[in-house]
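K.L.:
I am sharing protein36.cif, which consists of mmCIF, C-alpha atoms and all ligand atoms:
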```cif
data_input
loop_
_atom_site.label_atom_id
_atom_site.label_comp_id
_atom_site.auth_asym_id
_atom_site.auth_seq_id
_atom_site.Cartn_x
_atom_site.Cartn_y
_atom_site.Cartn_z
CA MET A 27 28.53 -21.90 8.91
CA PRO A 28 30.69 -22.12 5.79
CA ALA A 29 32.05 -18.80 4.54
CA ASP A 30 30.07 -18.74 1.31
CA THR A 31 26.80 -19.56 3.08
CA GLN A 32 27.51 -16.73 5.46
CA ALA A 33 28.12 -14.33 2.60
CA ASN A 34 24.86 -15.35 0.96
CA SER A 35 22.78 -14.97 4.07
CA GLN A 36 24.07 -11.42 4.51
CA SER A 37 22.60 -10.40 1.20
CA ASP A 38 19.40 -12.40 1.49
CA PRO A 39 16.41 -10.24 0.63
CA PRO A 40 13.47 -9.89 3.06
CA GLY A 41 11.54 -13.11 3.56
CA GLY A 42 14.60 -15.20 4.28
CA PRO A 43 16.95 -17.14 2.06
CA ALA A 44 15.65 -17.41 -1.47
CA ARG A 45 15.66 -20.44 -3.73
CA PRO A 46 15.82 -19.14 -7.26
CA VAL A 47 16.33 -22.62 -8.68
CA GLY A 48 14.23 -25.67 -7.99
CA GLY A 49 11.14 -25.83 -5.79
CA ASP A 50 7.94 -23.92 -6.51
CA GLY A 51 9.22 -20.47 -5.70
CA PHE A 52 10.47 -18.20 -2.94
CA PRO A 53 9.49 -18.19 0.73
CA PRO A 54 5.97 -16.69 1.09
CA GLU A 55 6.90 -13.07 1.86
CA LEU A 56 9.39 -12.86 -0.98
CA GLU A 57 7.09 -14.77 -3.31
CA HIS A 58 4.42 -12.17 -2.64
CA LEU A 59 6.84 -9.34 -3.50
CA TYR A 60 7.89 -11.17 -6.64
CA GLN A 61 4.32 -11.70 -7.76
CA LEU A 62 3.51 -8.04 -7.14
CA GLU A 63 6.55 -6.87 -9.05
CA SER A 64 6.01 -9.17 -12.02
CA GLU A 65 2.25 -8.58 -12.10
CA ARG A 66 2.38 -5.53 -14.41
CA SER A 67 4.67 -7.05 -17.03
CA ARG A 68 2.71 -10.32 -16.88
CA GLU A 69 -0.56 -8.44 -17.42
CA ARG A 70 0.87 -6.58 -20.44
CA ARG A 71 2.26 -9.81 -21.87
CA TYR A 72 -1.04 -11.66 -21.48
CA VAL A 73 -2.95 -8.87 -23.24
CA LYS A 74 -0.46 -8.43 -26.10
CA THR A 75 0.20 -12.10 -26.76
CA GLY A 76 -3.49 -12.86 -26.21
CA LEU A 77 -4.35 -10.54 -29.12
CA VAL A 78 -1.61 -12.10 -31.27
CA GLY A 79 -3.04 -15.52 -30.39
CA VAL A 80 -6.54 -14.40 -31.44
CA GLY A 81 -5.08 -13.20 -34.76
CA LEU A 82 -3.30 -16.48 -35.41
CA TYR A 83 -6.35 -18.49 -34.39
CA ALA A 84 -8.50 -16.46 -36.81
CA SER A 85 -6.00 -16.92 -39.66
CA PHE A 86 -6.50 -20.68 -39.55
CA ALA A 87 -10.04 -20.11 -40.82
CA ILE A 88 -8.48 -20.12 -44.31
CA SER A 89 -7.36 -23.67 -43.76
CA ASP A 90 -10.84 -24.75 -42.58
CA MET A 91 -12.06 -24.82 -46.19
CA ASN A 92 -9.45 -27.50 -47.06
CA MET A 93 -9.21 -29.42 -43.83
CA VAL A 94 -12.90 -29.62 -42.90
CA PRO A 95 -14.64 -28.66 -46.20
CA ASP A 96 -17.88 -30.45 -45.20
CA ILE A 97 -18.46 -28.24 -42.14
CA TYR A 98 -16.27 -25.20 -42.73
CA LEU A 99 -19.19 -22.82 -42.13
CA LYS A 100 -19.81 -24.48 -38.77
CA ALA A 101 -16.08 -24.25 -38.07
CA TRP A 102 -16.16 -20.51 -38.82
CA ALA A 103 -19.18 -20.12 -36.57
CA VAL A 104 -17.26 -21.85 -33.76
CA ARG A 105 -14.20 -19.68 -34.41
CA PHE A 106 -15.78 -16.27 -35.05
CA LEU A 107 -19.04 -16.39 -33.14
CA LEU A 108 -17.95 -18.34 -30.09
CA VAL A 109 -14.23 -18.72 -29.39
CA ILE A 110 -12.83 -15.39 -30.67
CA PRO A 111 -15.50 -13.22 -28.95
CA LEU A 112 -14.91 -15.21 -25.75
CA MET A 113 -11.13 -14.81 -25.99
CA LEU A 114 -11.44 -11.05 -26.67
CA ALA A 115 -13.84 -10.66 -23.76
CA CYS A 116 -11.44 -12.57 -21.49
CA THR A 117 -8.51 -10.39 -22.63
CA LEU A 118 -10.45 -7.22 -21.84
CA PHE A 119 -11.70 -8.65 -18.56
CA LEU A 120 -8.17 -9.73 -17.62
CA VAL A 121 -6.95 -6.17 -16.97
CA ARG A 122 -9.85 -5.59 -14.59
CA LEU A 123 -9.06 -8.62 -12.47
CA ARG A 124 -7.04 -7.73 -9.39
CA ARG A 125 -6.50 -11.25 -8.08
CA LEU A 126 -3.48 -12.93 -9.60
CA VAL A 127 -4.95 -16.42 -9.30
CA ALA A 128 -8.11 -15.33 -11.12
CA ARG A 129 -5.99 -14.00 -13.99
CA GLU A 130 -4.03 -17.21 -14.25
CA VAL A 131 -7.26 -19.21 -14.32
CA LEU A 132 -8.73 -16.97 -17.02
CA VAL A 133 -5.65 -17.31 -19.22
CA ALA A 134 -5.61 -21.08 -18.73
CA VAL A 135 -9.31 -21.24 -19.64
CA CYS A 136 -8.62 -19.31 -22.89
CA VAL A 137 -5.78 -21.65 -23.83
CA ILE A 138 -7.86 -24.77 -23.10
CA LEU A 139 -10.90 -23.31 -24.87
CA SER A 140 -8.98 -22.63 -28.09
CA GLY A 141 -7.51 -26.18 -28.04
CA ALA A 142 -10.87 -27.78 -27.26
CA SER A 143 -12.54 -25.81 -30.08
CA LEU A 144 -10.20 -27.45 -32.61
CA ALA A 145 -11.09 -30.84 -31.19
CA TRP A 146 -14.78 -29.98 -31.42
CA ILE A 147 -14.51 -28.85 -35.06
CA ALA A 148 -12.56 -32.02 -35.88
CA THR A 149 -15.27 -34.23 -34.37
CA LEU A 150 -17.99 -32.42 -36.37
CA SER A 151 -16.28 -33.23 -39.67
CA ARG A 152 -16.35 -36.55 -41.52
CA HIS A 153 -13.62 -35.50 -43.93
CA PRO A 154 -10.38 -37.58 -43.70
CA ASN A 155 -8.28 -34.37 -43.39
CA SER A 156 -9.97 -33.64 -40.10
CA GLU A 157 -7.75 -36.23 -38.43
CA HIS A 158 -4.76 -33.96 -39.11
CA TYR A 159 -6.71 -30.91 -38.05
CA ILE A 160 -6.08 -31.43 -34.39
CA SER A 161 -2.31 -30.96 -34.78
CA GLY A 162 -3.22 -27.35 -34.04
CA VAL A 163 -3.49 -28.40 -30.37
CA MET A 164 0.33 -28.72 -30.30
CA LEU A 165 0.70 -25.15 -31.50
CA ILE A 166 -1.69 -24.01 -28.80
CA ILE A 167 0.35 -25.85 -26.12
CA LEU A 168 3.49 -24.14 -27.42
CA PHE A 169 1.80 -20.76 -27.50
CA GLY A 170 0.43 -21.04 -23.98
CA ASN A 171 3.65 -22.28 -22.41
CA ILE A 172 6.24 -20.18 -24.22
CA VAL A 173 4.66 -17.15 -25.84
CA MET A 174 2.08 -16.37 -23.20
CA ASN A 175 4.49 -17.85 -20.69
CA GLN A 176 1.89 -18.81 -18.10
CA ARG A 177 3.06 -19.55 -14.58
CA PHE A 178 4.58 -23.01 -14.53
CA ARG A 179 1.79 -24.63 -12.58
CA SER A 180 -0.91 -23.29 -14.94
CA ALA A 181 1.21 -24.28 -17.94
CA LEU A 182 1.50 -27.81 -16.57
CA ILE A 183 -2.24 -28.16 -15.95
CA THR A 184 -3.29 -26.72 -19.34
CA SER A 185 -0.71 -28.91 -21.11
CA LEU A 186 -2.01 -32.06 -19.39
CA ILE A 187 -5.64 -31.23 -20.26
CA LEU A 188 -4.78 -30.45 -23.90
CA LEU A 189 -2.65 -33.60 -24.08
CA GLY A 190 -5.68 -35.55 -22.84
CA VAL A 191 -7.93 -33.94 -25.46
CA TYR A 192 -5.38 -34.66 -28.19
CA GLY A 193 -4.87 -38.24 -27.04
CA ALA A 194 -8.63 -38.93 -26.90
CA LEU A 195 -9.18 -37.61 -30.43
CA ILE A 196 -6.19 -39.28 -32.00
CA ALA A 197 -7.31 -42.59 -30.47
CA GLN A 198 -10.53 -42.27 -32.50
CA ALA A 199 -8.74 -41.35 -35.74
CA GLU A 200 -9.35 -44.80 -37.21
CA THR A 201 -8.20 -44.00 -40.73
CA LEU A 202 -4.69 -43.26 -39.39
CA PRO A 203 -2.40 -46.32 -38.96
CA LEU A 204 -1.63 -47.15 -35.32
CA ALA A 205 2.06 -46.31 -35.79
CA ALA A 206 1.14 -42.85 -37.11
CA ARG A 207 -1.24 -42.27 -34.21
CA PHE A 208 1.45 -43.32 -31.75
CA ASN A 209 3.93 -41.03 -33.49
CA ASN A 210 1.48 -38.11 -33.30
CA VAL A 211 0.90 -38.66 -29.59
CA LEU A 212 4.66 -38.72 -29.07
CA PHE A 213 4.95 -35.46 -31.02
CA CYS A 214 2.33 -33.82 -28.89
CA LEU A 215 3.88 -35.14 -25.68
CA SER A 216 7.32 -33.88 -26.73
CA THR A 217 5.86 -30.48 -27.61
CA ALA A 218 4.38 -30.27 -24.13
CA VAL A 219 7.57 -31.45 -22.39
CA ILE A 220 9.89 -29.16 -24.37
CA SER A 221 7.69 -26.10 -23.92
CA LEU A 222 7.21 -26.86 -20.21
CA ILE A 223 10.99 -27.04 -19.74
CA ALA A 224 11.31 -23.70 -21.53
CA CYS A 225 8.51 -22.27 -19.39
CA HIS A 226 10.23 -23.44 -16.19
CA ARG A 227 13.59 -22.01 -17.31
CA MET A 228 12.02 -18.65 -18.11
CA ASP A 229 10.39 -18.62 -14.70
CA GLN A 230 13.74 -19.36 -13.03
CA ASP A 231 15.48 -16.64 -15.06
CA GLN A 232 12.83 -14.11 -14.14
CA ARG A 233 13.18 -15.09 -10.49
CA ARG A 234 16.97 -14.79 -10.63
CA ALA A 235 16.68 -11.36 -12.23
CA PHE A 236 14.21 -10.35 -9.52
CA LEU A 237 16.60 -11.54 -6.79
CA ALA A 238 19.46 -9.63 -8.39
CA ARG A 239 17.31 -6.48 -8.45
CA MET A 240 16.34 -6.97 -4.81
CA ARG A 241 19.97 -7.43 -3.78
CA GLU A 242 20.98 -4.38 -5.81
CA THR A 243 18.28 -2.30 -4.12
CA GLU A 244 19.31 -3.62 -0.70
CA ARG A 245 22.97 -2.80 -1.41
CA ASN A 246 22.05 0.70 -2.62
CA ASP A 247 19.95 1.26 0.50
CA GLN A 248 22.82 0.10 2.72
CA LEU A 249 25.18 2.40 0.83
CA SER A 250 22.82 5.37 1.17
CA ARG A 251 22.44 4.67 4.90
CA ALA A 252 26.22 4.38 5.31
CA ASN A 253 26.75 7.60 3.36
CA ALA A 254 24.15 9.42 5.44
CA LEU A 255 25.82 8.15 8.63
CA LEU A 256 29.23 9.17 7.35
CA GLU A 257 27.95 12.60 6.41
CA LYS A 258 26.44 12.95 9.90
CA LEU A 259 29.59 11.72 11.63
CA SER A 260 31.82 14.01 9.59
CA SER A 261 29.74 17.09 10.36
CA GLU A 262 28.67 16.39 13.94
CA ASP A 263 30.53 16.83 17.20
CA GLY A 264 30.54 13.46 18.93
CA LEU A 265 30.28 14.81 22.48
CA THR A 266 27.53 17.43 22.17
CA GLY A 267 25.71 16.47 18.98
CA LEU A 268 26.19 20.03 17.69
CA ALA A 269 27.77 20.86 14.34
CA ASN A 270 31.54 20.44 14.40
CA ARG A 271 34.28 22.79 13.18
CA ARG A 272 34.16 21.36 9.66
CA ALA A 273 30.41 21.88 9.35
CA PHE A 274 30.77 25.36 10.84
CA ASP A 275 33.44 26.37 8.33
CA GLN A 276 31.34 25.10 5.44
CA ARG A 277 28.22 26.91 6.63
CA LEU A 278 30.15 30.10 7.30
CA GLU A 279 31.41 30.10 3.69
CA ALA A 280 27.92 29.45 2.36
CA GLU A 281 26.19 32.05 4.55
CA TRP A 282 28.91 34.57 3.80
CA ALA A 283 28.31 34.17 0.06
CA ARG A 284 24.54 34.29 0.50
CA ALA A 285 24.67 37.41 2.71
CA ARG A 286 27.02 39.07 0.23
CA ARG A 287 24.63 38.42 -2.65
CA ALA A 288 21.62 39.60 -0.62
CA GLY A 289 23.46 42.58 0.95
CA GLU A 290 22.36 41.31 4.38
CA PRO A 291 24.21 41.28 7.70
CA LEU A 292 25.81 38.14 9.08
CA SER A 293 26.60 37.86 12.79
CA LEU A 294 28.79 35.52 14.75
CA LEU A 295 28.95 34.81 18.47
CA MET A 296 32.08 33.15 19.83
CA MET A 297 31.54 31.76 23.30
CA ASP A 298 33.98 30.23 25.77
CA ILE A 299 33.26 28.69 29.18
CA ASP A 300 35.03 30.59 31.93
CA PHE A 301 37.74 28.86 33.95
CA PHE A 302 37.00 25.56 32.36
CA LYS A 303 40.47 24.24 33.00
CA ARG A 304 39.82 24.71 36.70
CA TYR A 305 36.44 22.95 36.29
CA ASN A 306 38.18 19.94 34.81
CA ASP A 307 40.87 20.01 37.45
CA HIS A 308 38.29 20.27 40.22
CA TYR A 309 35.55 17.89 39.05
CA GLY A 310 37.47 15.67 36.67
CA HIS A 311 37.41 15.33 32.89
CA PRO A 312 34.22 13.19 32.66
CA ALA A 313 32.29 15.79 34.65
CA GLY A 314 33.81 18.41 32.32
CA ASP A 315 32.31 16.50 29.38
CA VAL A 316 28.87 16.51 31.00
CA CYS A 317 29.22 20.22 31.65
CA LEU A 318 30.04 20.79 27.97
CA GLN A 319 26.94 18.82 26.97
CA ARG A 320 24.70 20.85 29.27
CA VAL A 321 26.07 24.17 28.05
CA ALA A 322 25.72 23.01 24.44
CA ALA A 323 22.06 22.15 25.08
CA VAL A 324 21.43 25.61 26.55
CA LEU A 325 22.95 27.33 23.51
CA ASP A 326 21.11 25.07 21.09
CA ALA A 327 17.79 25.79 22.79
CA HIS A 328 18.26 29.53 22.26
CA ALA A 329 19.20 29.55 18.57
CA ARG A 330 15.68 29.04 17.28
CA ARG A 331 15.63 30.27 13.69
CA PRO A 332 16.15 27.49 11.14
CA ALA A 333 19.17 29.21 9.56
CA ASP A 334 20.98 29.69 12.91
CA LEU A 335 23.86 27.32 13.51
CA VAL A 336 25.36 26.40 16.86
CA ALA A 337 28.71 24.61 16.60
CA ARG A 338 31.39 23.37 18.92
CA VAL A 339 34.52 24.77 17.31
CA GLY A 340 37.10 23.97 19.99
CA GLY A 341 37.43 22.20 23.35
CA GLU A 342 35.17 24.51 25.38
CA GLU A 343 34.60 27.05 22.64
CA PHE A 344 31.33 27.37 20.78
CA ALA A 345 30.25 29.47 17.79
CA VAL A 346 26.76 30.64 16.89
CA LEU A 347 26.25 31.79 13.32
CA LEU A 348 23.29 34.12 12.83
CA PRO A 349 22.38 34.88 9.22
CA SER A 350 20.38 38.08 8.58
CA ALA A 351 21.06 39.32 12.13
CA GLY A 352 22.74 42.68 12.87
CA THR A 353 24.88 43.56 15.91
CA ALA A 354 21.96 44.59 18.14
CA ALA A 355 20.05 41.34 17.60
CA ALA A 356 23.25 39.28 17.96
CA VAL A 357 24.24 41.02 21.21
CA GLN A 358 20.71 40.50 22.53
CA LEU A 359 20.83 36.79 21.78
CA ALA A 360 24.33 36.47 23.27
CA GLU A 361 23.09 38.14 26.43
CA ARG A 362 20.14 35.75 26.65
CA MET A 363 22.49 32.81 26.17
CA ARG A 364 24.92 34.12 28.80
CA LEU A 365 22.07 34.47 31.31
CA ALA A 366 20.74 31.02 30.42
CA VAL A 367 24.16 29.40 30.98
CA ALA A 368 24.36 31.09 34.38
CA ALA A 369 20.73 30.16 35.14
CA ALA A 370 21.53 26.51 34.53
CA GLU A 371 23.50 26.79 37.80
CA ILE A 372 26.03 24.13 36.99
CA PRO A 373 28.18 24.22 40.16
CA HIS A 374 31.72 25.51 39.61
CA ALA A 375 33.40 25.84 42.98
CA ALA A 376 36.74 26.72 41.38
CA SER A 377 35.45 29.52 39.17
CA GLY A 378 36.89 32.96 39.62
CA ALA A 379 33.72 34.52 38.16
CA ALA A 380 30.86 32.92 40.17
CA GLY A 381 29.90 29.80 42.13
CA HIS A 382 28.52 28.27 38.98
CA VAL A 383 29.54 27.85 35.37
CA THR A 384 29.55 31.10 33.39
CA ALA A 385 30.56 31.96 29.85
CA SER A 386 31.99 34.89 27.94
CA PHE A 387 30.78 35.98 24.52
CA GLY A 388 32.36 37.93 21.68
CA VAL A 389 30.01 39.26 19.01
CA ALA A 390 30.85 40.45 15.50
CA SER A 391 28.58 41.45 12.64
CA VAL A 392 29.27 42.34 9.07
CA VAL A 393 27.62 42.90 5.72
CA PRO A 394 30.05 40.86 3.64
CA ASP A 395 31.74 42.52 0.67
CA GLY A 396 34.69 41.77 -1.57
CA SER A 397 37.20 43.43 0.79
CA ARG A 398 36.76 40.88 3.62
CA SER A 399 36.80 37.16 4.03
CA PRO A 400 34.80 34.89 6.35
CA SER A 401 37.87 34.43 8.57
CA SER A 402 37.86 38.18 9.29
CA LEU A 403 34.44 37.74 10.95
CA VAL A 404 35.79 34.89 13.09
CA ALA A 405 38.85 36.96 14.00
CA ALA A 406 36.67 39.93 14.99
CA ALA A 407 34.39 37.76 17.17
CA ASP A 408 37.46 36.07 18.72
CA ALA A 409 38.98 39.46 19.51
CA ALA A 410 35.74 40.55 21.19
CA LEU A 411 35.68 37.30 23.19
CA TYR A 412 39.26 37.92 24.29
CA ARG A 413 38.23 41.37 25.54
CA ALA A 414 35.27 39.87 27.41
CA LYS A 415 37.74 37.59 29.20
CA GLU A 416 40.03 40.51 29.91
CA LEU A 417 37.18 42.58 31.30
CA GLY A 418 36.42 39.91 33.92
CA ARG A 419 34.51 37.15 32.03
CA ASN A 420 30.80 36.30 32.28
CA GLN A 421 29.88 39.06 29.85
CA VAL A 422 29.13 39.90 26.23
CA VAL A 423 31.43 42.19 24.22
CA ALA A 424 30.64 43.37 20.72
CA SER A 425 33.46 43.77 18.27
CA ARG A 426 34.74 47.28 17.74
CA GLU A 427 34.83 46.46 14.09
CA ALA A 428 31.11 45.82 13.97
CA VAL A 429 29.68 47.52 10.92
CA VAL A 430 26.03 46.75 11.29
CA ALA A 431 23.73 48.26 13.88
N1 LIG A 501 36.17 17.77 29.82
C1 LIG A 501 36.64 18.28 28.69
N2 LIG A 501 37.52 19.27 28.74
C2 LIG A 501 37.99 19.79 27.61
C3 LIG A 501 37.58 19.31 26.37
N3 LIG A 501 38.22 20.03 25.41
C4 LIG A 501 39.00 20.93 26.04
N4 LIG A 501 38.87 20.79 27.37
C5 LIG A 501 39.52 21.53 28.41
O1 LIG A 501 39.12 22.89 28.45
C6 LIG A 501 40.10 23.61 29.10
C7 LIG A 501 40.30 24.97 28.47
O2 LIG A 501 41.11 25.71 29.31
P1 LIG A 501 41.68 27.12 28.94
O3 LIG A 501 41.81 27.26 27.46
O4 LIG A 501 42.91 27.33 29.73
O5 LIG A 501 40.59 28.11 29.35
P2 LIG A 501 39.78 28.27 30.69
O6 LIG A 501 40.31 27.44 31.80
O7 LIG A 501 38.34 28.03 30.38
O8 LIG A 501 39.99 29.75 31.03
P3 LIG A 501 39.30 30.98 30.36
O9 LIG A 501 38.80 30.55 29.04
O10 LIG A 501 40.35 32.00 30.29
O11 LIG A 501 38.18 31.34 31.29
C8 LIG A 501 41.39 22.75 29.12
O12 LIG A 501 41.62 22.30 30.43
C9 LIG A 501 41.03 21.58 28.24
O13 LIG A 501 41.60 20.37 28.69
C10 LIG A 501 36.65 18.23 26.36
O14 LIG A 501 36.23 17.73 25.31
N5 LIG A 501 36.21 17.77 27.54
#
```
What do you get writing this file as structure tokens?
Ligand SMILES: Nc1nc2c(ncn2[C@@H]2O[C@H](COP(=O)(O)OP(=O)(O)OP(=O)(O)O)[C@@H](O)[C@H]2O)c(=O)[nH]1

P.N.:
Amino acid sequence: MPADTQANSQSDPPGGPARPVGGDGFPPELEHLYQLESERSRERRYVKTGLVGVGLYASFAISDMNMVPDIYLKAWAVRFLLVIPLMLACTLFLVRLRRLVAREVLVAVCVILSGASLAWIATLSRHPNSEHYISGVMLIILFGNIVMNQRFRSALITSLILLGVYGALIAQAETLPLAARFNNVLFCLSTAVISLIACHRMDQDQRRAFLARMRETERNDQLSRANALLEKLSSEDGLTGLANRRAFDQRLEAEWARARRAGEPLSLLMMDIDFFKRYNDHYGHPAGDVCLQRVAAVLDAHARRPADLVARVGGEEFAVLLPSAGTAAAVQLAERMRLAVAAAEIPHAASGAAGHVTASFGVASVVPDGSRSPSSLVAAADAALYRAKELGRNQVVASREAVVA
């Protein structure tokens, strides 16, 4: 596949590769999206320009007195009692129609009706001016194709019908020389061709703009997904799925500030697997990884409050941050976690503490104030953990510096 084709296909919107130029439209799925998206603006345009069209159509009543003076009252009746009420009713009905095709048909009917009404008025009159009267059909073709900007297919059909009406009438305009009639037909044909080209171009431009919006949305979605993934990767420990050191430090800062504002306690458990070096040496590093994952899952299962945070902050060292928890509650939770790690009965033949994996916990609690920093809480919990190791491991030690009961 050539490089540029490859690049395009990567950014193709749903529904497959799009063809903004040429052809009738996009592949079905994309075409459906396009129609849905453009439906609202199309509906507004039809209503607004429809009303403008009614206004213009009505204004030509002034000219009826000069162009068809013999039947101008009949002409007014056609305009004001038949065509305009019908066009207004269609415009009002248009917004109620949910089916796109039905709307297109209704708009096309209005355009054809207004053109045919001019032809009708012209045939009622015997006045020589009436042969020029039907030039209004050209204006109606222009209006339908460019101002109302019907869908290309509808524009093509309405133009062909109005061209037929114009051609039939001009053929009967016997007082006009043949050359003039031919010239008029050519005028009308050119009006249709030029306005159809414009209509097609507008359609292509709208489709291109739609594609650009789709690609932009797709790119933004990809970017948001990539950012979310990056955020997750940068705050998550790859082995255990717990928060990593970076996320822990950030949360500690935030919880410290929050607890300080609220005058609430903040507790921290530091936990370290006992004789883990020996575990690795005995069972191998991969088994050590599995052991870390199992211990992490045990800790995670016990920190149940939404604000609690379990993080892996070192190789086999974990931290559990407990907002709004005092020493007693923190020690209790640490004890439950210690028992749960032991109860998991992960074999550890080389342990000096038991036949299975055990862990030591250091607990520190504080009501933060201006005289301390978050790192002092970590240091206190670390010191307590160190004492737990010194005292024989597989136990919980609360910091001597604990200030909250
Ligand atoms: N499998 C595995 N081992 C790790 C990982 N990170 C650190 N370790 C190992 O964890 C061990 C930590 O050993 P030490 O700090 O000596 O502590 P210990 O053997 O647990 O002894 P105590 O903590 O005093 O009970 C080292 O052997 C590290 O290689 C890891 O991601 N996977």

K.L.:
Find the residues around Leu278 in chain A up to 9 Å (all atoms listed in the file counted), leave out those fewer than 5 positions away in its own chain, and share them as number ranges by chain.

P.N.:
A: 273, 283, 347, 400-401

K.L.:
List as an MDAnalysis selection string the protein and nucleic acid residues lying within 10 Å of ligand LIG 501 (chain A), with only C-alpha atoms and all ligand atoms counted.

P.N.:
chainID A and resid 263:266 297:307 309:319 338 340:343 377:379 384:386 411:412 414:416 418:420

K.L.:
Fewer than 4 positions away in the same chain doesn't count, so skip those; otherwise give me all residues within 9 Å of Phe169 in chain A, counting all atoms listed in the file, as a CSV table (one decimal) with C-alpha atoms, keeping the file's coordinate frame.

P.N.:
```csv
chain,number,residue,atom,x,y,z
A,75,THR,CA,0.2,-12.1,-26.8
A,79,GLY,CA,-3.0,-15.5,-30.4
A,137,VAL,CA,-5.8,-21.6,-23.8
A,164,MET,CA,0.3,-28.7,-30.3
A,165,LEU,CA,0.7,-25.2,-31.5
A,173,VAL,CA,4.7,-17.2,-25.8
A,174,MET,CA,2.1,-16.4,-23.2
A,175,ASN,CA,4.5,-17.8,-20.7
A,221,SER,CA,7.7,-26.1,-23.9
```

K.L.:
One decimal, Å: what's the distance from CA of Ile372 in chain A over to CA of Ala327 in chain A, could you say?

P.N.:
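Separating CA of Ile372 in chain A from CA of Ala327 in chain A is a distance of 16.5 Å.
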
K.L.:
Please indicate the distance in Å from CA of Leu295 in chain A to CA of Ala356 in chain A, rounded to one decimal place.

P.N.:
7.3 Å

K.L.:
Out of A:Arg364, A:His158, A:Arg177, A:Arg234, which residue has the shortest atom-to-atom distance to Ser89 in chain A when counting all atoms listed in the file?

P.N.:
A:His158

K.L.:
One number please: CA of Ile167 in chain A to CA of Ser185 in chain A, in Å, one decimal.

P.N.:
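If I compute the distance from CA of Ile167 in chain A to CA of Ser185 in chain A, I get 6.0 Å.
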
K.L.:
Can you pull out every residue within 9 Å of Ile97 in chain A, counting all atoms listed in the file, but drop anything in the same chain fewer than 2 positions away, and send it as an NGL selection string?

P.N.:
:A and (90-91 or 94-95 or 99-102 or 147 or 150-153)

K.L.:
Of the candidates A:Ile166, A:Val109, A:Leu325, A:Val127, which one gets nearest to Gly141 in chain A if we count only C-alpha atoms?

P.N.:
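The shortest atom-to-atom distance to Gly141 in chain A comes from A:Ile166.
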
K.L.:
Kindly indicate which residue among A:Ile196, A:Leu132, A:Ala375, A:Leu107 lies nearest to His308 in chain A, using only C-alpha atoms for the distances.

P.N.:
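Answer, going by the shortest atom-to-atom distance: A:Ala375.
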